[in-house]
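Asks: Provided herewith is a single structure, encoded as structure tokens, for subsequent inquiry.
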Amino acid sequence: MKHRIVVLGAGYAGSYVAGTLARRLSPQDTEITVVNAEPDFVQRLRLHQLAAGREIAAPQLADVFAGTGIRLRLARVAAVDPEHRVVTVAHAHADDSELGYDTLLYALGSHGDDHGVPGVAEHAFDVAARPSALRLRERLDNLDRQGGRGEGGSVLVVGDGLTGIETATEIAESRPGLSVALVARGELGAPLSAGARGHLRRACDRLGITVWEHTSVEAVEATRVLCADGTVLASDATVWTAGFAAGPIAAAGGLEVTENGRIVVDRTMRSVSHPNVYAVGDSAYAIGDNGRTLPMSCASAGYTGRQATEAIVGRLTGRKIPNTKLEYVGNHISLGRRDGILQMVDDEARAKPKYVGGRKAARIKAGIVKMSLWGTSHPTFGLPKRKLRLAAAPDLSAEKTVRPRENEAAAHG
């Protein structure tokens, strides 16, 4: 009987690992199934651009996996039962069905975290998924049409992490008829170097973005946002980017997870509670080489994906498992189409004094996005053609699972 590998999620991490495993493992011994709710690949790195009105490529997953032998199952993951090694999936026009596995790769990513703030779910938009980004785009289109009649419109972005900054600057540049404001819990761009913070502030001034610093949001209503200090901010479209969390499926299935739903894994991305389960990308609570939690990011998806691939291949084929790099080297921030910031960090995740800004940084970020899409669309490019056979008795025990040591570093989107 073939060893069944099931991959949940076909984002940056899931697509990469699935394609790489298909190229490296012999189809005589393994079968690989990818479960994804949508038929196309979603460039999450560019969803703020999609919301602002730009068209972005969405390769069909059937084309991405063509010729790899991977089975694509278009369905929503409803539940995971790691004790019985079963995944329940729900189809749009059919009853729920079960999918058995021997090795599970959990790559369902993350969603916006409302932190329990009243009104966020009912009234705010986000750019954490394609459907929600398209809803925001429709709302912005309506506001633009109202602006054509002299009525204008206001957009309020809550959260000054990378996603919030990129969303606010993209909307302000793409839709100059709208009034854009950004709410920062602390100082704008606090994790950046002094020079990069100054560059960011100048970009906001150039784009006409109003910045509310040291401001906490207490509630979101249909046309306004209430702040903890009593300030009331008018908003025709509130965009919530104040953090991310993993979905509830892993926790509901009994996997050991963090408070925000991320699966706790060892150095090889293997679940510390269930050795047949691996987690990658935003779904994984992994400790980087600097001893800090890897942030939720596209870069982390690449690093955790490579380590999980090596671990799965090694354990199934009886080979030594190498420790691949688990790094956090810096942030690449787009500030519209022609401006950006490249901020590198040290081993303590502190911003280095120097940064790259302007068009050069924008070109670097655009190159990273393009490379990420190409790599995902060609998951088997450059890999050895030799297919590895499984060992007679693959190492699926839990004896090598090591719990990551605690640290106080917080993940961010």
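Identifiers for the structure tokens are assigned positionally: chains receive A, B, ... in sequence, residues are indexed from 1 per chain, and ligands are indexed from 1 in the order shown.
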Please identify the strand (DSSP E or B) residues within stretch 145-325 of chain A (assignment by DSSP from backbone atoms) and present them as a PyMOL selection string.
Replies: chain A and resi 154-158+179-183+210-212+217-220+224-227+232-234+237-240+244-246+257+263-265+270-271+277-279+284-285+287+293
Asks: For stretch 98-186 of chain A against stretch 242-254 of chain A, with a cut-off of 12 Å and counting only C-alpha atoms, what is the closest atom pair and its distance in Å to one decimal for every residue that makes the cut, ordered by chain and number, as a tab-separated table?
Replies:
```
residue	atom	partner	partner_atom	distance
A:Leu104	CA	A:Ala250	CA	11.8
A:Leu105	CA	A:Ala250	CA	11.7
A:Tyr106	CA	A:Ala250	CA	8.6
A:Ala107	CA	A:Ala246	CA	10.0
A:Leu108	CA	A:Gly247	CA	7.8
A:Gly109	CA	A:Ala246	CA	6.3
A:Ser110	CA	A:Ala246	CA	4.2
A:His111	CA	A:Phe244	CA	5.5
A:Gly112	CA	A:Phe244	CA	4.5
A:Asp113	CA	A:Phe244	CA	4.6
A:Asp114	CA	A:Ala242	CA	7.3
A:His115	CA	A:Gly243	CA	8.1
A:Gly116	CA	A:Ala242	CA	11.4
A:Val117	CA	A:Ala242	CA	10.5
A:Val120	CA	A:Ala242	CA	10.6
A:Ala124	CA	A:Ala242	CA	11.4
A:Phe125	CA	A:Ala242	CA	11.5
A:Asp126	CA	A:Ala242	CA	9.7
A:Val127	CA	A:Phe244	CA	10.9
A:Ala128	CA	A:Phe244	CA	8.4
A:Ala129	CA	A:Phe244	CA	11.6
A:Val157	CA	A:Ala242	CA	9.0
A:Val158	CA	A:Ala242	CA	6.1
A:Gly159	CA	A:Ala242	CA	4.2
A:Asp160	CA	A:Ala242	CA	7.3
A:Gly161	CA	A:Ala242	CA	7.2
A:Leu162	CA	A:Ala242	CA	9.9
A:Thr163	CA	A:Ala242	CA	8.6
A:Gly164	CA	A:Ala242	CA	7.5
A:Ile165	CA	A:Ala242	CA	10.8
A:Thr167	CA	A:Ala242	CA	11.9
A:Leu182	CA	A:Ala242	CA	11.1
A:Val183	CA	A:Ala242	CA	9.5
A:Ala184	CA	A:Ala242	CA	9.1
A:Arg185	CA	A:Ala242	CA	9.1
```
Asks: Work out how far apart atom CA of A:Glu166 and atom CA of A:Trp240 are and give it in Å to one decimal.
Replies: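 Computing the Euclidean distance for atom CA of A:Glu166 and atom CA of A:Trp240 yields 12.6 Å.
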Asks: Please provide as a ChimeraX atom specification all residues within 6 Å of stretch 299-306 of chain A, with the sequence filter that same-chain residues fewer than 6 positions apart are discarded (counting only C-alpha atoms).
Replies: /A:13,17,280-281,326
Asks: Restricting the output to C-alpha atoms, write the selected residues as a PDB file, in the first residue's frame.
Replies:
```
ATOM      1  CA  ALA A  13       4.344  26.903   1.598  1.00  0.00           C
ATOM      2  CA  VAL A  17       6.302  21.379  -0.377  1.00  0.00           C
ATOM      3  CA  VAL A 280       4.594  25.098   7.722  1.00  0.00           C
ATOM      4  CA  GLY A 281       4.119  28.781   7.008  1.00  0.00           C
ATOM      5  CA  LEU A 326      15.434  29.152   9.731  1.00  0.00           C
TER       6      LEU A 326
END
```
Asks: If we count only C-alpha atoms and set the cut-off at 9 Å, which residues sit around A:Ala196, ignoring sequence neighbours fewer than 2 positions away in its own chain? Please answer as a PyMOL selection string.
Replies: chain A and resi 189+192-194+198-201+341-343+353-357
Asks: Hey, what's within 10 Å of A:Arg224 if we count only C-alpha atoms and toss same-chain stuff fewer than 6 positions away? As a PyMOL selection string, please?
Replies: chain A and resi 123+154+156+232-238
Asks: The selected residues should be written to file as a short mmCIF file (atom, residue, chain, number, x, y, z; two decimals), in the first residue's frame (atoms: N, CA and C atoms).
Replies:
```
data_model
loop_
_atom_site.label_atom_id
_atom_site.label_comp_id
_atom_site.auth_asym_id
_atom_site.auth_seq_id
_atom_site.Cartn_x
_atom_site.Cartn_y
_atom_site.Cartn_z
N HIS A 123 -18.20 44.99 10.54
CA HIS A 123 -18.06 46.24 9.79
C HIS A 123 -16.72 46.45 9.09
N SER A 154 -13.77 58.24 2.85
CA SER A 154 -12.63 58.07 3.75
C SER A 154 -12.36 56.60 4.00
N LEU A 156 -9.99 54.09 6.50
CA LEU A 156 -9.20 54.05 7.73
C LEU A 156 -8.57 52.67 7.86
N VAL A 232 -13.05 59.85 18.09
CA VAL A 232 -13.94 59.19 17.13
C VAL A 232 -13.46 59.52 15.72
N LEU A 233 -13.15 58.51 14.94
CA LEU A 233 -12.63 58.70 13.59
C LEU A 233 -13.66 58.25 12.57
N ALA A 234 -14.04 59.17 11.69
CA ALA A 234 -15.00 58.83 10.63
C ALA A 234 -14.34 57.89 9.63
N SER A 235 -15.12 56.93 9.12
CA SER A 235 -14.58 55.97 8.16
C SER A 235 -15.70 55.38 7.31
N ASP A 236 -15.56 55.53 5.99
CA ASP A 236 -16.49 54.89 5.07
C ASP A 236 -16.07 53.45 4.77
N ALA A 237 -14.80 53.13 5.01
CA ALA A 237 -14.28 51.77 4.82
C ALA A 237 -13.15 51.56 5.81
N THR A 238 -13.39 50.73 6.82
CA THR A 238 -12.35 50.43 7.80
C THR A 238 -11.67 49.12 7.42
#
```
Asks: Please return, as a VMD selection string, all residues of stretch 99-291 of chain A that DSSP assigns to alpha helix (DSSP H) on the basis of the backbone.
Replies: chain A and resid 120 to 123 130 to 148 162 to 174 194 to 207 249 to 252
Asks: Report, in Å with one decimal, the straight-line distance from atom CA of A:Thr324 to atom CA of A:Tyr16.
Replies: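 Atom CA of A:Thr324 sits 15.3 Å away from atom CA of A:Tyr16.
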Asks: Taking 5 positions as the minimum chain separation for residues in the same chain, which residues sit within 10 Å of A:Thr231 when counting only C-alpha atoms? Answer as a PyMOL selection string.
Replies: chain A and resi 215-218+225-226
Asks: Save the residues we just selected, C-alpha atoms, as a short mmCIF file (atom, residue, chain, number, x, y, z; two decimals), in the first residue's frame?
Replies:
```cif
data_model
loop_
_atom_site.label_atom_id
_atom_site.label_comp_id
_atom_site.auth_asym_id
_atom_site.auth_seq_id
_atom_site.Cartn_x
_atom_site.Cartn_y
_atom_site.Cartn_z
CA THR A 215 -3.96 55.16 19.29
CA SER A 216 -5.87 52.03 20.32
CA VAL A 217 -9.17 51.10 18.68
CA GLU A 218 -11.92 50.12 21.09
CA VAL A 225 -14.10 53.93 14.71
CA LEU A 226 -14.08 54.53 18.46
#
```
Asks: List every residue of stretch 321-357 of chain A that has an atom at most 8 Å from any atom of stretch 283-293 of chain A, and for each one report the closest atom pair and its distance in Å to one decimal, counting only C-alpha atoms, with rows sorted by chain and then by increasing residue number, as a Markdown table.
Replies:
```
| residue | atom | partner | partner_atom | distance |
| --- | --- | --- | --- | --- |
| A:Lys325 | CA | A:Asp289 | CA | 7.1 |
| A:Leu326 | CA | A:Gly288 | CA | 4.8 |
| A:Glu327 | CA | A:Gly288 | CA | 5.7 |
| A:Tyr328 | CA | A:Gly288 | CA | 7.3 |
| A:Asp347 | CA | A:Asn290 | CA | 5.7 |
| A:Glu348 | CA | A:Asn290 | CA | 6.7 |
```
